[in-house]
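Next up, my_file14.pdb (PDB, C-alpha atoms):
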```pdb
ATOM      1  CA  CYS A   1     227.245  77.536 141.303  1.00  0.00           C
ATOM      2  CA  SER A   2     230.686  76.539 140.065  1.00  0.00           C
ATOM      3  CA  ALA A   3     229.747  77.793 136.563  1.00  0.00           C
ATOM      4  CA  LEU A   4     228.476  81.214 137.756  1.00  0.00           C
ATOM      5  CA  GLU A   5     230.395  83.927 135.872  1.00  0.00           C
ATOM      6  CA  GLU A   6     228.503  87.086 136.812  1.00  0.00           C
ATOM      7  CA  LEU A   7     226.500  88.062 139.879  1.00  0.00           C
ATOM      8  CA  ILE A   8     224.627  91.160 138.633  1.00  0.00           C
ATOM      9  CA  HIS A   9     224.177  91.620 134.876  1.00  0.00           C
ATOM     10  CA  LEU A  10     221.887  94.586 134.262  1.00  0.00           C
ATOM     11  CA  ASN A  11     221.559  94.060 130.508  1.00  0.00           C
ATOM     12  CA  LYS A  12     219.904  90.708 131.134  1.00  0.00           C
ATOM     13  CA  LEU A  13     217.316  92.234 133.493  1.00  0.00           C
ATOM     14  CA  GLY A  14     215.389  94.131 130.854  1.00  0.00           C
ATOM     15  CA  ASP A  15     215.088  95.047 127.218  1.00  0.00           C
ATOM     16  CA  GLY A  16     217.395  97.935 126.435  1.00  0.00           C
ATOM     17  CA  GLN A  17     219.232 100.584 128.388  1.00  0.00           C
ATOM     18  CA  GLU A  18     216.103 102.605 129.196  1.00  0.00           C
ATOM     19  CA  VAL A  19     214.882  99.880 131.539  1.00  0.00           C
ATOM     20  CA  THR A  20     218.207  99.149 133.213  1.00  0.00           C
ATOM     21  CA  LYS A  21     219.731 102.622 133.603  1.00  0.00           C
ATOM     22  CA  HIS A  22     217.552 103.364 136.643  1.00  0.00           C
ATOM     23  CA  LEU A  23     218.150 100.019 138.325  1.00  0.00           C
ATOM     24  CA  ASP A  24     220.631  99.809 141.188  1.00  0.00           C
ATOM     25  CA  PRO A  25     220.321  96.279 142.543  1.00  0.00           C
ATOM     26  CA  PHE A  26     222.016  95.752 145.873  1.00  0.00           C
ATOM     27  CA  VAL A  27     222.805  99.472 146.212  1.00  0.00           C
ATOM     28  CA  LYS A  28     222.422  99.163 150.012  1.00  0.00           C
ATOM     29  CA  LEU A  29     224.346  95.903 150.313  1.00  0.00           C
ATOM     30  CA  GLN A  30     226.825  96.162 153.204  1.00  0.00           C
ATOM     31  CA  ASP A  31     228.411  92.706 153.460  1.00  0.00           C
ATOM     32  CA  LEU A  32     229.284  90.417 150.568  1.00  0.00           C
ATOM     33  CA  TYR A  33     230.612  86.873 151.001  1.00  0.00           C
ATOM     34  CA  LEU A  34     231.787  84.961 147.924  1.00  0.00           C
ATOM     35  CA  PHE A  35     233.041  81.423 148.466  1.00  0.00           C
ATOM     36  CA  ASP A  36     234.154  78.717 146.049  1.00  0.00           C
ATOM     37  CA  LEU A  37     232.983  80.353 142.816  1.00  0.00           C
ATOM     38  CA  PRO A  38     235.862  79.369 140.507  1.00  0.00           C
ATOM     39  CA  SER A  39     234.284  80.806 137.325  1.00  0.00           C
ATOM     40  CA  LEU A  40     233.081  84.124 138.782  1.00  0.00           C
ATOM     41  CA  LYS A  41     234.539  86.975 136.696  1.00  0.00           C
ATOM     42  CA  ASN A  42     232.314  89.934 137.575  1.00  0.00           C
ATOM     43  CA  ILE A  43     230.175  91.033 140.508  1.00  0.00           C
ATOM     44  CA  SER A  44     228.555  94.174 139.135  1.00  0.00           C
ATOM     45  CA  GLY A  45     229.106  96.777 136.442  1.00  0.00           C
ATOM     46  CA  LYS A  46     228.397  99.523 138.969  1.00  0.00           C
ATOM     47  CA  PRO A  47     230.106 100.191 142.308  1.00  0.00           C
ATOM     48  CA  LEU A  48     228.289  99.020 145.421  1.00  0.00           C
ATOM     49  CA  PRO A  49     228.571 102.203 147.516  1.00  0.00           C
ATOM     50  CA  CYS A  50     227.440 100.838 150.889  1.00  0.00           C
ATOM     51  CA  LEU A  51     229.829  97.886 151.117  1.00  0.00           C
ATOM     52  CA  LYS A  52     231.507  97.632 154.506  1.00  0.00           C
ATOM     53  CA  SER A  53     233.039  94.206 154.051  1.00  0.00           C
ATOM     54  CA  ILE A  54     233.724  91.857 151.190  1.00  0.00           C
ATOM     55  CA  ASP A  55     235.068  88.355 151.759  1.00  0.00           C
ATOM     56  CA  VAL A  56     236.342  86.506 148.676  1.00  0.00           C
ATOM     57  CA  ARG A  57     237.663  82.951 148.852  1.00  0.00           C
ATOM     58  CA  LYS A  58     238.379  80.495 146.057  1.00  0.00           C
ATOM     59  CA  CYS A  59     237.261  82.915 143.317  1.00  0.00           C
ATOM     60  CA  ALA A  60     240.442  82.970 141.248  1.00  0.00           C
ATOM     61  CA  GLU A  61     238.807  84.373 138.088  1.00  0.00           C
ATOM     62  CA  LEU A  62     237.402  87.447 139.872  1.00  0.00           C
ATOM     63  CA  LYS A  63     239.737  90.270 138.836  1.00  0.00           C
ATOM     64  CA  LYS A  64     237.695  93.402 139.634  1.00  0.00           C
ATOM     65  CA  LEU A  65     235.820  94.573 142.695  1.00  0.00           C
ATOM     66  CA  PRO A  66     232.617  96.660 142.629  1.00  0.00           C
ATOM     67  CA  ILE A  67     234.208  99.457 144.640  1.00  0.00           C
ATOM     68  CA  SER A  68     236.039 102.684 143.913  1.00  0.00           C
ATOM     69  CA  SER A  69     238.575 104.744 145.843  1.00  0.00           C
ATOM     70  CA  GLN A  70     235.845 107.222 146.878  1.00  0.00           C
ATOM     71  CA  ILE A  71     234.096 104.564 148.969  1.00  0.00           C
ATOM     72  CA  THR A  72     236.952 104.258 151.457  1.00  0.00           C
ATOM     73  CA  LYS A  73     236.794 107.998 152.112  1.00  0.00           C
ATOM     74  CA  ILE A  74     233.180 107.655 153.222  1.00  0.00           C
ATOM     75  CA  GLN A  75     233.166 104.452 155.248  1.00  0.00           C
ATOM     76  CA  ASN A  76     235.347 101.850 156.879  1.00  0.00           C
ATOM     77  CA  LEU A  77     235.705  99.051 154.305  1.00  0.00           C
ATOM     78  CA  THR A  78     237.391  95.697 154.941  1.00  0.00           C
ATOM     79  CA  ILE A  79     238.332  93.309 152.130  1.00  0.00           C
ATOM     80  CA  TYR A  80     239.179  89.705 153.041  1.00  0.00           C
ATOM     81  CA  GLY A  81     240.799  87.322 150.587  1.00  0.00           C
ATOM     82  CA  GLU A  82     243.778  85.186 149.711  1.00  0.00           C
ATOM     83  CA  GLU A  83     246.914  87.197 149.041  1.00  0.00           C
ATOM     84  CA  SER A  84     247.457  85.471 145.676  1.00  0.00           C
ATOM     85  CA  TRP A  85     243.960  86.629 144.595  1.00  0.00           C
ATOM     86  CA  TRP A  86     244.594  90.190 145.818  1.00  0.00           C
ATOM     87  CA  ASN A  87     247.840  90.399 143.842  1.00  0.00           C
ATOM     88  CA  GLU A  88     246.007  89.446 140.620  1.00  0.00           C
ATOM     89  CA  LEU A  89     243.241  92.078 140.899  1.00  0.00           C
ATOM     90  CA  GLU A  90     242.879  94.675 138.148  1.00  0.00           C
ATOM     91  CA  TRP A  91     242.320  98.292 139.210  1.00  0.00           C
ATOM     92  CA  GLU A  92     240.703 101.294 137.528  1.00  0.00           C
ATOM     93  CA  ASP A  93     243.881 103.202 138.425  1.00  0.00           C
ATOM     94  CA  VAL A  94     246.858 103.159 140.799  1.00  0.00           C
ATOM     95  CA  ALA A  95     245.136 105.593 143.178  1.00  0.00           C
ATOM     96  CA  THR A  96     242.282 103.133 143.723  1.00  0.00           C
ATOM     97  CA  ARG A  97     244.678 100.272 144.439  1.00  0.00           C
ATOM     98  CA  ASP A  98     246.656 102.426 146.864  1.00  0.00           C
ATOM     99  CA  ALA A  99     243.495 103.670 148.606  1.00  0.00           C
ATOM    100  CA  LEU A 100     242.156 100.135 149.077  1.00  0.00           C
ATOM    101  CA  LEU A 101     245.404  98.447 150.134  1.00  0.00           C
ATOM    102  CA  PRO A 102     244.960  99.368 153.844  1.00  0.00           C
ATOM    103  CA  CYS A 103     241.479  97.775 153.686  1.00  0.00           C
ATOM    104  CA  PHE A 104     242.830  94.356 152.695  1.00  0.00           C
ATOM    105  CA  ARG A 105     243.172  91.538 155.223  1.00  0.00           C
ATOM    106  CA  ALA A 106     244.997  88.450 153.910  1.00  0.00           C
ATOM    107  CA  LEU A 107     243.492  85.054 154.648  1.00  0.00           C
ATOM    108  CA  PRO A 108     245.504  81.850 154.736  1.00  0.00           C
ATOM    109  CA  ASN A 109     245.444  79.903 151.438  1.00  0.00           C
TER     110      ASN A 109
END
```
Have the structure of the file written as structure tokens, please.
Amino acid sequence: CSALEELIHLNKLGDGQEVTKHLDPFVKLQDLYLFDLPSLKNISGKPLPCLKSIDVRKCAELKKLPISSQITKIQNLTIYGEESWWNELEWEDVATRDALLPCFRALPN
């Protein structure tokens, strides 16, 4: 799994957008644990709206999370990860980063 770059890639599931636009894999996923995936760059192109916890360790290339600021208004989300990883994340906007900051729990490196 050390070469895994993407967890959910909808375009590879079917031929064309017509097939994939109605697919929502893992839409009810509540807990996501990602460990020692050094090449992982993307989890999903769509937000995972039911996530309650995400735990990311040793995934330095992962720069975006499949969540949006609206999710934290609906449920209690907790994000676990190394502080160095958290500081390198890319956000859709400042509001999303600010909304998710209280959800973050730093783990020792």
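Closest approach to A:Glu90 from the set A:Ala60, A:Leu65, A:Cys103, A:Leu51 is made by A:Leu65, with distances taken over only C-alpha atoms.
Note on the selection: in this file the PyMOL selection byres ((chain A and resi 41) around 8) comes out as A:Glu5, A:Glu6, A:Ser39, A:Leu40, A:Asn42, A:Ile43, A:Glu61, A:Leu62, A:Lys63, A:Lys64.
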Any chance you can output those residues with C-alpha atoms as a PDB file, in the coordinates of the input?
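Written out: selection-v4.pdb:
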```
ATOM      1  CA  GLU A   5     230.395  83.927 135.872  1.00  0.00           C
ATOM      2  CA  GLU A   6     228.503  87.086 136.812  1.00  0.00           C
ATOM      3  CA  SER A  39     234.284  80.806 137.325  1.00  0.00           C
ATOM      4  CA  LEU A  40     233.081  84.124 138.782  1.00  0.00           C
ATOM      5  CA  ASN A  42     232.314  89.934 137.575  1.00  0.00           C
ATOM      6  CA  ILE A  43     230.175  91.033 140.508  1.00  0.00           C
ATOM      7  CA  GLU A  61     238.807  84.373 138.088  1.00  0.00           C
ATOM      8  CA  LEU A  62     237.402  87.447 139.872  1.00  0.00           C
ATOM      9  CA  LYS A  63     239.737  90.270 138.836  1.00  0.00           C
ATOM     10  CA  LYS A  64     237.695  93.402 139.634  1.00  0.00           C
TER      11      LYS A  64
END
```
In Å, with one decimal, what is the gap from atom CA of A:Gly45 to atom CA of A:Asn109?
27.9 Å
Return as a list in words the set of residues that the PyMOL selection byres ((chain A and resi 30-34) around 6) yields on the displayed structure.
Leu29, Phe35, Cys50, Leu51, Lys52, Ser53, Ile54, Asp55 and Val56 of chain A
Nearest to A:Arg105 among A:Cys59, A:Ile67, A:Asp36, A:Trp86, with distances taken over all atoms listed in the file: which residue is it?
A:Trp86
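Going from atom CA of A:Lys58 to atom CA of A:Val94 covers 24.8 Å.
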Translate the PyMOL selection byres ((chain A and resi 104) around 7) into a concrete residue list for this structure, as a PyMOL selection string.
chain A and resi 78-80+100-103+105-106
